[in-house]
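Visitor: Dropping a structure here in structure tokens format, bear with me for questions.
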Amino acid sequence: MTAQSSPSFTFDPEGVDPKEIPTRVLYTGATIPVVGLGTFGSDSVSAQTVAEAVSGAASVGYRLFDCASVYGNERQIGHSFCEIIRGGVKREDLWVTSKLWNDKHGEDDVIPSCEKTLEDLQLSYLDLYLIHWPFPNFHPPRCDITSRSAEAKPYLHESYMKTWRQLEKLVERGLVKHIGTSNMTIPKLKLLLRDAEIRPACAEMELHPHFQQPELFQFVVDNGIVPIGYSPVGSPGRPERDRTPDDTVDTEDPVIVRIAERWGLHPAVVCVKWAVQRGQVPIPFSVRRTHYLSNLRGAVSGPLTEEEMREIEGIDRNCRLIKGHVFLWKEDQTWEGLWDLNGEITPA
Ligand SMILES: NC(=O)c1ccc[n+]([C@@H]2O[C@H](COP(=O)([O-])OP(=O)(O)OC[C@H]3O[C@@H](n4cnc5c(N)ncnc54)[C@H](OP(=O)(O)O)[C@@H]3O)[C@@H](O)[C@H]2O)c1
């Protein structure tokens with residue numbers, strides 16, 4: 001241990017050398033690791049447990065962490081970052097994403113909200129700041145699927161751009177290196193690309209073998225935006241409010257199971273390998289060392305065969321898991337209305 005290192009952070013000899021983790025290049029020329037750790041404890045894992053997983057994941061080589069104020073654990077994760085940096089990892093070798101929550105879209109709320117996140121995370125800048133959802137609608141923690149906010153509104157591009165302008169100011173002030181989107185659709189992104197002064201560098205979206213979103217994925221890549229794939233394993237631990245009887249289970253798909261058996265891997269790791277190889281940045285969540293280590297090893301180890309990649313491409317079920325029910329703005333609406341399925345922004 002060096003004089004500067006913290007007793008609670010050490011490099012794990014069984015981990016992956018971070019230099020061996022490939023990166024993707026953003027339009028700014030900056031690079032982002034091809035895999036990261038999610039930090040949403042799905043209302044069931046404590047903030048402290050997630051923060052310990054962040055420290056553990058950094059020990060085994062993770063350098064990208066996907067945070068958000070609404071996950072309610074940024075203060076605890078901030079202690080982990082502090083230890084990690086004191087333990088010898090340079091700040092510039094970390095990639096930290098955070099997200100603006102839906103109740104902070106107001107022009108005067110964005111910058112203070114980001115500043116609070118920075119204070120909690122004990123950082124002077126973020127690598128990436130996302131607008132978590134394109135709707136200024138929020139719900140009480142642990143609410144059920146039928147919960148609606150009385151003030152809920154539809155997507156209003158003018159309002160979204162006002163929020164985006166504040167994100168641009170964060171870049172201008174040096175508090176944030178890149179800005180990006182989350183849970184957007186092609187028609188909404190088209191308007192953003194038309195009107196943004198600072199273009200989105202990344203677009204975070206749900207991506208896993210049963211929900212591949214090929215059109216959105218291609219649109220994003222064609223526009224020089226790096227896709228970040230959330231719920232890459234199919235989110236087996238997601239909250240009850242995000243479960244419906246029609247949901248499918250990626251890790252039980254016979255194709256995934258067969259490929260996993262062939263390589264001697266857990267099916268979850270096959271999902272992560274597929275994601276990296278396809279070109280998105282998966283951010284699997286786990287608080288178990290064996291799981292997050294195997295996900296990282298899977299991301300850097302030999303590729304799936306072309307035949308396996310084609311087989312997985314063939315099992316897309318268009319099964320969206322995080323449907324967003326609680327962000328709906330009308331009583332008689334179904335969740336499909338959030339996702340502009342007919343190619344146009346759903347009218348108010
Ligand atoms: N932008 C957004 O709106 C948005 C929405 C959802 C999620 N996200 C981000 O994406 C991250 C990941 O998504 P997610 O948490 O929904 O789902 P996920 O990463 O697909 O699934 C996480 C679950 O998979 C299990 N798991 C992970 N690796 C495993 C392995 N190697 N073997 C066996 N089980 C494994 C974990 O259980 P164990 O802990 O038991 O290993 C955990 O329950 C979140 O944490 C969050 O940072 C963003």
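Ordering of the structure tokens sets the chain letters (A, B, ...); residue numbers start at 1 within each chain; ligands are numbered from 1 in the order shown.
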Would you mind listing what lies within 10 Å of Leu341 of chain A as a compact mmCIF listing (two decimals) with N, CA and C atoms, in the first residue's frame, with only C-alpha atoms counted and same-chain residues fewer than 3 positions away left out?
Guide:
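Output below, filename out.txt:
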# COMPACT_ATOMS: atom_id res chain seq x y z
N THR A 185 -36.50 9.08 -28.31
CA THR A 185 -36.94 8.36 -29.51
C THR A 185 -36.35 9.08 -30.73
N ILE A 186 -36.46 8.46 -31.91
CA ILE A 186 -35.90 9.09 -33.12
C ILE A 186 -36.53 10.46 -33.39
N PRO A 187 -37.86 10.60 -33.39
CA PRO A 187 -38.39 11.94 -33.69
C PRO A 187 -37.97 13.01 -32.70
N GLU A 336 -47.25 2.79 -24.51
CA GLU A 336 -46.69 2.92 -25.86
C GLU A 336 -46.62 4.38 -26.28
N GLY A 337 -47.53 5.21 -25.72
CA GLY A 337 -47.56 6.63 -26.07
C GLY A 337 -46.28 7.37 -25.71
N LEU A 338 -45.50 6.84 -24.80
CA LEU A 338 -44.25 7.50 -24.42
C LEU A 338 -43.16 7.32 -25.47
N GLU A 344 -43.83 9.53 -34.98
CA GLU A 344 -44.06 10.96 -34.69
C GLU A 344 -44.22 11.15 -33.19
N ILE A 345 -43.89 12.33 -32.71
CA ILE A 345 -44.03 12.58 -31.28
C ILE A 345 -45.52 12.53 -30.92
N THR A 346 -45.84 11.71 -29.92
CA THR A 346 -47.24 11.55 -29.51
C THR A 346 -47.80 12.90 -29.10
Visitor: Do you know which residues are within 8 Å of ligand 1 using only C-alpha atoms and all ligand atoms? Can you write them as a VMD selection string?
Guide: chain A and resid 37 to 42 65 to 68 99 132 to 133 182 to 183 204 to 206 208 229 to 238 266 to 269 282 to 295 322
Visitor: Produce a file of the selected residues containing N, CA and C atoms, as a compact mmCIF listing (two decimals), in the first residue's frame.
Guide:
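Dumped everything to result06.txt:
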# COMPACT_ATOMS: atom_id res chain seq x y z
N LEU A 37 -20.40 0.08 -14.84
CA LEU A 37 -21.25 -0.49 -13.78
C LEU A 37 -22.48 0.39 -13.58
N GLY A 38 -23.67 -0.22 -13.63
CA GLY A 38 -24.89 0.50 -13.27
C GLY A 38 -24.96 0.66 -11.76
N THR A 39 -25.72 1.64 -11.30
CA THR A 39 -25.78 1.87 -9.83
C THR A 39 -27.20 2.00 -9.31
N PHE A 40 -28.19 1.58 -10.10
CA PHE A 40 -29.57 1.66 -9.61
C PHE A 40 -29.89 0.40 -8.82
N GLY A 41 -30.08 0.56 -7.51
CA GLY A 41 -30.33 -0.58 -6.64
C GLY A 41 -31.75 -1.10 -6.71
N SER A 42 -32.53 -0.63 -7.70
CA SER A 42 -33.88 -1.15 -7.93
C SER A 42 -34.74 -1.16 -6.67
N PHE A 65 -18.91 4.49 -14.39
CA PHE A 65 -19.99 4.30 -13.42
C PHE A 65 -21.19 5.14 -13.85
N ASP A 66 -22.35 4.48 -13.93
CA ASP A 66 -23.57 5.13 -14.37
C ASP A 66 -24.41 5.49 -13.15
N CYS A 67 -24.39 6.77 -12.79
CA CYS A 67 -25.09 7.24 -11.58
C CYS A 67 -26.32 8.06 -11.96
N ALA A 68 -27.11 8.42 -10.98
CA ALA A 68 -28.25 9.32 -11.18
C ALA A 68 -28.70 9.81 -9.81
N LYS A 99 -27.36 11.92 -13.98
CA LYS A 99 -28.58 12.28 -14.74
C LYS A 99 -29.43 13.27 -13.95
N HIS A 132 -32.56 12.53 -17.71
CA HIS A 132 -32.91 11.13 -17.42
C HIS A 132 -34.11 10.66 -18.26
N TRP A 133 -35.16 11.49 -18.30
CA TRP A 133 -36.34 11.20 -19.13
C TRP A 133 -36.74 12.49 -19.84
N SER A 182 -31.40 10.36 -22.55
CA SER A 182 -31.78 9.05 -22.02
C SER A 182 -33.26 8.87 -22.31
N ASN A 183 -33.63 7.71 -22.73
CA ASN A 183 -35.04 7.38 -23.01
C ASN A 183 -35.66 8.27 -24.09
N GLU A 204 -28.48 7.23 -23.88
CA GLU A 204 -28.69 6.03 -23.07
C GLU A 204 -30.09 5.49 -23.38
N MET A 205 -30.18 4.19 -23.56
CA MET A 205 -31.46 3.57 -23.94
C MET A 205 -31.47 2.13 -23.47
N GLU A 206 -32.66 1.57 -23.34
CA GLU A 206 -32.76 0.16 -22.97
C GLU A 206 -32.29 -0.69 -24.15
N HIS A 208 -31.02 -4.87 -24.83
CA HIS A 208 -30.62 -6.23 -24.45
C HIS A 208 -31.11 -7.16 -25.55
N GLY A 229 -26.17 1.23 -23.36
CA GLY A 229 -27.29 0.29 -23.22
C GLY A 229 -27.59 -0.01 -21.76
N TYR A 230 -28.80 0.39 -21.31
CA TYR A 230 -29.15 0.04 -19.93
C TYR A 230 -29.95 -1.25 -19.88
N SER A 231 -30.02 -1.82 -18.69
CA SER A 231 -30.64 -3.14 -18.46
C SER A 231 -30.10 -4.19 -19.44
N PRO A 232 -28.76 -4.26 -19.60
CA PRO A 232 -28.19 -5.13 -20.64
C PRO A 232 -28.41 -6.61 -20.39
N VAL A 233 -28.71 -6.97 -19.13
CA VAL A 233 -28.90 -8.38 -18.80
C VAL A 233 -30.40 -8.71 -18.78
N GLY A 234 -31.22 -7.70 -19.03
CA GLY A 234 -32.67 -7.89 -18.98
C GLY A 234 -33.24 -7.59 -17.62
N SER A 235 -32.48 -6.88 -16.82
CA SER A 235 -32.93 -6.33 -15.53
C SER A 235 -33.74 -7.30 -14.67
N PRO A 236 -33.16 -8.47 -14.34
CA PRO A 236 -33.93 -9.42 -13.54
C PRO A 236 -34.36 -8.90 -12.17
N GLY A 237 -33.67 -7.87 -11.65
CA GLY A 237 -34.02 -7.36 -10.31
C GLY A 237 -34.84 -6.09 -10.36
N ARG A 238 -35.47 -5.78 -11.50
CA ARG A 238 -36.16 -4.48 -11.60
C ARG A 238 -37.38 -4.41 -10.68
N HIS A 266 -21.97 -17.55 -17.60
CA HIS A 266 -23.36 -17.31 -17.19
C HIS A 266 -24.08 -16.61 -18.36
N PRO A 267 -25.37 -16.92 -18.59
CA PRO A 267 -26.08 -16.25 -19.69
C PRO A 267 -26.00 -14.72 -19.62
N ALA A 268 -25.94 -14.17 -18.39
CA ALA A 268 -25.84 -12.70 -18.26
C ALA A 268 -24.57 -12.20 -18.95
N VAL A 269 -23.50 -12.96 -18.82
CA VAL A 269 -22.22 -12.53 -19.40
C VAL A 269 -22.29 -12.56 -20.94
N PRO A 282 -22.61 -1.30 -22.58
CA PRO A 282 -23.52 -1.82 -21.57
C PRO A 282 -23.09 -1.40 -20.18
N ILE A 283 -24.07 -1.21 -19.31
CA ILE A 283 -23.78 -0.78 -17.93
C ILE A 283 -24.49 -1.74 -16.96
N PRO A 284 -24.10 -3.03 -16.96
CA PRO A 284 -24.78 -3.99 -16.09
C PRO A 284 -24.63 -3.62 -14.62
N PHE A 285 -25.70 -3.86 -13.88
CA PHE A 285 -25.68 -3.63 -12.43
C PHE A 285 -25.44 -4.95 -11.72
N SER A 286 -24.60 -4.93 -10.75
CA SER A 286 -24.51 -6.06 -9.81
C SER A 286 -23.80 -5.59 -8.57
N VAL A 287 -24.18 -6.16 -7.43
CA VAL A 287 -23.46 -5.85 -6.19
C VAL A 287 -22.63 -7.06 -5.76
N ARG A 288 -22.60 -8.10 -6.62
CA ARG A 288 -21.83 -9.30 -6.28
C ARG A 288 -20.53 -9.32 -7.07
N ARG A 289 -19.43 -9.44 -6.33
CA ARG A 289 -18.11 -9.39 -6.98
C ARG A 289 -18.01 -10.41 -8.11
N THR A 290 -18.45 -11.65 -7.85
CA THR A 290 -18.31 -12.67 -8.90
C THR A 290 -19.06 -12.24 -10.17
N HIS A 291 -20.19 -11.60 -9.99
CA HIS A 291 -20.98 -11.19 -11.16
C HIS A 291 -20.35 -10.01 -11.88
N TYR A 292 -20.01 -8.93 -11.11
CA TYR A 292 -19.48 -7.78 -11.85
C TYR A 292 -18.09 -8.07 -12.42
N LEU A 293 -17.34 -8.95 -11.74
CA LEU A 293 -16.04 -9.32 -12.31
C LEU A 293 -16.23 -10.15 -13.59
N SER A 294 -17.18 -11.10 -13.57
CA SER A 294 -17.35 -11.91 -14.78
C SER A 294 -17.91 -11.07 -15.93
N ASN A 295 -18.72 -10.06 -15.61
CA ASN A 295 -19.20 -9.18 -16.68
C ASN A 295 -18.04 -8.41 -17.32
N ILE A 322 -38.57 -1.52 -19.33
CA ILE A 322 -38.79 -0.26 -18.58
C ILE A 322 -39.74 0.58 -19.45
Visitor: Report, in Å with one decimal, the straight-line distance from atom CA of Phe135 of chain A to atom CA of Asn102 of chain A.
Guide: 6.5 Å
Visitor: Just the residues within 12 Å of Ala196 of chain A, please, counting only C-alpha atoms, with nothing from its chain fewer than 3 positions along; format it as an mmCIF file with N, CA and C atoms, in the first residue's frame.
Guide:
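The resulting file, part.cif, is reproduced below:
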data_model
loop_
_atom_site.group_PDB
_atom_site.id
_atom_site.type_symbol
_atom_site.label_atom_id
_atom_site.label_comp_id
_atom_site.auth_asym_id
_atom_site.auth_seq_id
_atom_site.Cartn_x
_atom_site.Cartn_y
_atom_site.Cartn_z
ATOM 1 N N HIS A 157 -41.201 20.079 -26.917
ATOM 2 C CA HIS A 157 -39.834 20.284 -27.383
ATOM 3 C C HIS A 157 -39.245 21.607 -26.885
ATOM 4 N N GLU A 158 -40.083 22.634 -26.882
ATOM 5 C CA GLU A 158 -39.591 23.940 -26.424
ATOM 6 C C GLU A 158 -39.073 23.856 -24.974
ATOM 7 N N TYR A 160 -38.098 21.080 -23.439
ATOM 8 C CA TYR A 160 -36.904 20.220 -23.396
ATOM 9 C C TYR A 160 -35.667 21.040 -23.777
ATOM 10 N N MET A 161 -35.809 21.884 -24.811
ATOM 11 C CA MET A 161 -34.655 22.675 -25.251
ATOM 12 C C MET A 161 -34.220 23.692 -24.184
ATOM 13 N N LYS A 162 -35.187 24.191 -23.414
ATOM 14 C CA LYS A 162 -34.802 25.117 -22.335
ATOM 15 C C LYS A 162 -33.935 24.375 -21.313
ATOM 16 N N THR A 163 -34.318 23.145 -21.047
ATOM 17 C CA THR A 163 -33.522 22.318 -20.121
ATOM 18 C C THR A 163 -32.144 22.032 -20.748
ATOM 19 N N TRP A 164 -32.180 21.686 -22.045
ATOM 20 C CA TRP A 164 -30.920 21.363 -22.753
ATOM 21 C C TRP A 164 -29.950 22.545 -22.723
ATOM 22 N N ARG A 165 -30.489 23.761 -22.903
ATOM 23 C CA ARG A 165 -29.625 24.968 -22.881
ATOM 24 C C ARG A 165 -28.874 25.064 -21.544
ATOM 25 N N GLN A 166 -29.555 24.658 -20.481
ATOM 26 C CA GLN A 166 -28.892 24.696 -19.166
ATOM 27 C C GLN A 166 -27.789 23.643 -19.098
ATOM 28 N N LEU A 167 -28.028 22.494 -19.737
ATOM 29 C CA LEU A 167 -26.961 21.488 -19.799
ATOM 30 C C LEU A 167 -25.770 22.047 -20.594
ATOM 31 N N GLU A 168 -26.076 22.770 -21.665
ATOM 32 C CA GLU A 168 -24.990 23.384 -22.458
ATOM 33 C C GLU A 168 -24.189 24.350 -21.593
ATOM 34 N N LYS A 169 -24.902 25.071 -20.721
ATOM 35 C CA LYS A 169 -24.182 26.005 -19.824
ATOM 36 C C LYS A 169 -23.246 25.250 -18.891
ATOM 37 N N ILE A 179 -22.691 16.111 -22.718
ATOM 38 C CA ILE A 179 -24.100 16.005 -22.344
ATOM 39 C C ILE A 179 -24.780 15.000 -23.278
ATOM 40 N N GLY A 180 -25.875 14.453 -22.795
ATOM 41 C CA GLY A 180 -26.524 13.434 -23.608
ATOM 42 C C GLY A 180 -27.961 13.205 -23.176
ATOM 43 N N THR A 181 -28.558 12.212 -23.816
ATOM 44 C CA THR A 181 -29.987 11.943 -23.631
ATOM 45 C C THR A 181 -30.187 10.567 -23.007
ATOM 46 N N LYS A 188 -37.842 12.648 -31.443
ATOM 47 C CA LYS A 188 -37.396 13.645 -30.461
ATOM 48 C C LYS A 188 -35.916 13.983 -30.688
ATOM 49 N N LEU A 189 -35.105 12.953 -30.985
ATOM 50 C CA LEU A 189 -33.676 13.200 -31.222
ATOM 51 C C LEU A 189 -33.470 14.066 -32.462
ATOM 52 N N LYS A 190 -34.305 13.863 -33.482
ATOM 53 C CA LYS A 190 -34.163 14.673 -34.701
ATOM 54 C C LYS A 190 -34.316 16.152 -34.368
ATOM 55 N N LEU A 191 -35.300 16.468 -33.539
ATOM 56 C CA LEU A 191 -35.511 17.870 -33.159
ATOM 57 C C LEU A 191 -34.342 18.386 -32.321
ATOM 58 N N LEU A 192 -33.869 17.548 -31.428
ATOM 59 C CA LEU A 192 -32.739 17.967 -30.585
ATOM 60 C C LEU A 192 -31.502 18.233 -31.453
ATOM 61 N N LEU A 193 -31.242 17.331 -32.394
ATOM 62 C CA LEU A 193 -30.059 17.514 -33.249
ATOM 63 C C LEU A 193 -30.204 18.771 -34.100
ATOM 64 N N ARG A 199 -24.085 19.210 -29.297
ATOM 65 C CA ARG A 199 -24.786 17.979 -29.649
ATOM 66 C C ARG A 199 -24.645 16.931 -28.543
ATOM 67 N N PRO A 200 -25.627 16.038 -28.448
ATOM 68 C CA PRO A 200 -25.470 14.945 -27.474
ATOM 69 C C PRO A 200 -24.314 14.037 -27.886
ATOM 70 N N ALA A 201 -23.502 13.658 -26.903
ATOM 71 C CA ALA A 201 -22.375 12.765 -27.178
ATOM 72 C C ALA A 201 -22.797 11.313 -27.031
#
Visitor: Could you check the closest approach to Glu20 of chain A for each of A:His105, A:His178, A:Arg297, A:Arg91 and tell me which residue wins, using only C-alpha atoms?
Guide: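 With only C-alpha atoms as the atom set, the closest residue is A:Arg297.
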Visitor: Please determine, counting only C-alpha atoms, which residue among A:Val45, A:Ala203, A:Ala58, A:Leu170 has the shortest atom-to-atom distance to Glu115 of chain A.
Guide: A:Leu170
Visitor: Using DSSP secondary structure from the backbone, list all helix (DSSP H, G or I) positions within segment 65-274 of chain A, as a ChimeraX atom specification.
Guide: /A:69-71,74-86,91-93,102-104,110-121,157-172,186-195,214-222,240-242,250-252,254-263,267-274
Visitor: Write the residues of the selection above to a file with C-alpha atoms, as a compact mmCIF listing (two decimals), in the first residue's frame.
Guide:
# COMPACT_ATOMS: atom_id res chain seq x y z
CA SER A 69 -29.57 11.62 -8.48
CA VAL A 70 -32.85 9.69 -8.34
CA TYR A 71 -31.06 6.47 -7.40
CA GLU A 74 -24.84 9.51 -4.90
CA ARG A 75 -23.67 10.65 -1.46
CA GLN A 76 -22.58 7.12 -0.52
CA ILE A 77 -21.02 6.59 -3.97
CA GLY A 78 -19.18 9.89 -3.47
CA HIS A 79 -17.36 8.35 -0.50
CA SER A 80 -16.36 5.46 -2.74
CA PHE A 81 -15.03 7.81 -5.44
CA CYS A 82 -13.08 9.67 -2.80
CA GLU A 83 -11.48 6.43 -1.62
CA ILE A 84 -10.85 5.25 -5.17
CA ILE A 85 -9.07 8.48 -6.08
CA ARG A 86 -7.17 8.56 -2.80
CA ARG A 91 -9.81 11.27 -11.75
CA GLU A 92 -9.19 11.53 -15.49
CA ASP A 93 -9.11 7.73 -15.72
CA ASN A 102 -37.60 14.74 -13.95
CA ASP A 103 -38.56 17.27 -11.27
CA LYS A 104 -35.49 19.42 -12.06
CA VAL A 110 -30.73 22.31 -13.70
CA ILE A 111 -27.44 23.87 -12.62
CA PRO A 112 -28.13 23.58 -8.85
CA SER A 113 -29.18 19.96 -9.36
CA CYS A 114 -25.94 19.14 -11.17
CA GLU A 115 -23.97 21.02 -8.50
CA LYS A 116 -25.69 18.92 -5.81
CA THR A 117 -24.76 15.75 -7.70
CA LEU A 118 -21.13 16.93 -7.94
CA GLU A 119 -21.08 17.73 -4.23
CA ASP A 120 -22.57 14.33 -3.37
CA LEU A 121 -20.20 12.48 -5.69
CA HIS A 157 -39.83 20.28 -27.38
CA GLU A 158 -39.59 23.94 -26.42
CA SER A 159 -39.41 23.01 -22.75
CA TYR A 160 -36.90 20.22 -23.40
CA MET A 161 -34.66 22.67 -25.25
CA LYS A 162 -34.80 25.12 -22.33
CA THR A 163 -33.52 22.32 -20.12
CA TRP A 164 -30.92 21.36 -22.75
CA ARG A 165 -29.62 24.97 -22.88
CA GLN A 166 -28.89 24.70 -19.17
CA LEU A 167 -26.96 21.49 -19.80
CA GLU A 168 -24.99 23.38 -22.46
CA LYS A 169 -24.18 26.01 -19.82
CA LEU A 170 -22.83 23.25 -17.58
CA VAL A 171 -20.40 22.33 -20.37
CA GLU A 172 -19.46 25.98 -20.86
CA ILE A 186 -35.90 9.09 -33.12
CA PRO A 187 -38.39 11.94 -33.69
CA LYS A 188 -37.40 13.64 -30.46
CA LEU A 189 -33.68 13.20 -31.22
CA LYS A 190 -34.16 14.67 -34.70
CA LEU A 191 -35.51 17.87 -33.16
CA LEU A 192 -32.74 17.97 -30.58
CA LEU A 193 -30.06 17.51 -33.25
CA ARG A 194 -31.67 20.31 -35.25
CA ASP A 195 -31.71 22.75 -32.32
CA PRO A 214 -32.29 -1.65 -34.25
CA GLU A 215 -33.67 1.57 -35.83
CA LEU A 216 -32.89 3.78 -32.83
CA PHE A 217 -29.49 2.14 -32.41
CA GLN A 218 -28.61 2.78 -36.07
CA PHE A 219 -29.95 6.34 -35.99
CA VAL A 220 -27.81 7.17 -33.00
CA VAL A 221 -24.66 5.61 -34.48
CA ASP A 222 -25.26 7.31 -37.84
CA GLU A 240 -42.42 -4.55 -9.44
CA ARG A 241 -43.78 -1.43 -11.11
CA ASP A 242 -41.69 -2.30 -14.17
CA ASP A 250 -33.22 -12.79 -21.86
CA THR A 251 -31.06 -15.01 -19.68
CA GLU A 252 -33.50 -17.92 -20.16
CA PRO A 254 -32.47 -21.01 -25.40
CA VAL A 255 -30.05 -19.27 -27.80
CA ILE A 256 -28.39 -17.31 -24.97
CA VAL A 257 -28.32 -20.39 -22.72
CA ARG A 258 -26.76 -22.54 -25.47
CA ILE A 259 -24.06 -19.98 -26.25
CA ALA A 260 -23.39 -19.58 -22.51
CA GLU A 261 -22.96 -23.35 -22.12
CA ARG A 262 -20.64 -23.46 -25.13
CA TRP A 263 -18.32 -20.86 -23.56
CA PRO A 267 -26.08 -16.25 -19.69
CA ALA A 268 -25.84 -12.70 -18.26
CA VAL A 269 -22.22 -12.53 -19.40
CA VAL A 270 -23.24 -13.56 -22.92
CA CYS A 271 -25.65 -10.59 -22.95
CA VAL A 272 -22.80 -8.28 -21.93
CA LYS A 273 -20.43 -9.73 -24.55
CA TRP A 274 -23.06 -9.36 -27.27
Visitor: Restricting the calculation to only C-alpha atoms, which member of A:Glu307, A:Asp246, A:Asp127, A:Asp43 is positioned closest to Thr97 of chain A?
Guide: A:Asp127
Visitor: Can you list every residue in segment 82-226 of chain A that DSSP puts in strand (DSSP E or B), as a PyMOL selection string?
Guide: chain A and resi 95-100+126-131+176-182+202-206+208+211+226
Visitor: Check the smallest atom-to-atom distance from each of A:Gly72, A:Gly106, A:Gly87, A:Pro13 to Val60 of chain A using only C-alpha atoms, then report the winner.
Guide: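 Comparing A:Gly72, A:Gly106, A:Gly87, A:Pro13 against Val60 of chain A, the winner is A:Pro13.
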Visitor: What is the distance, in Å and to one decimal place, between atom CA of Ala275 of chain A and atom CA of Asp340 of chain A?
Guide: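 Separating atom CA of Ala275 of chain A from atom CA of Asp340 of chain A is a distance of 24.3 Å.
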Visitor: Have a look at atom CA of Ala47 of chain A and atom CA of Gly88 of chain A and let me know their distance in Å, one decimal.
Guide: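 Pair atom CA of Ala47 of chain A / atom CA of Gly88 of chain A returns 23.8 Å.
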Visitor: Using only C-alpha atoms, can you tell me which of A:Phe11, A:Pro33, A:His210, A:Val25 comes closest to Gly61 of chain A?
Guide: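 The closest residue to Gly61 of chain A is A:Phe11.
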Visitor: Calculated over only C-alpha atoms, which of the candidates A:Thr334, A:Asn223, A:Gln212, A:Gln280 has the smallest distance to Asn318 of chain A?
Guide: A:Gln212
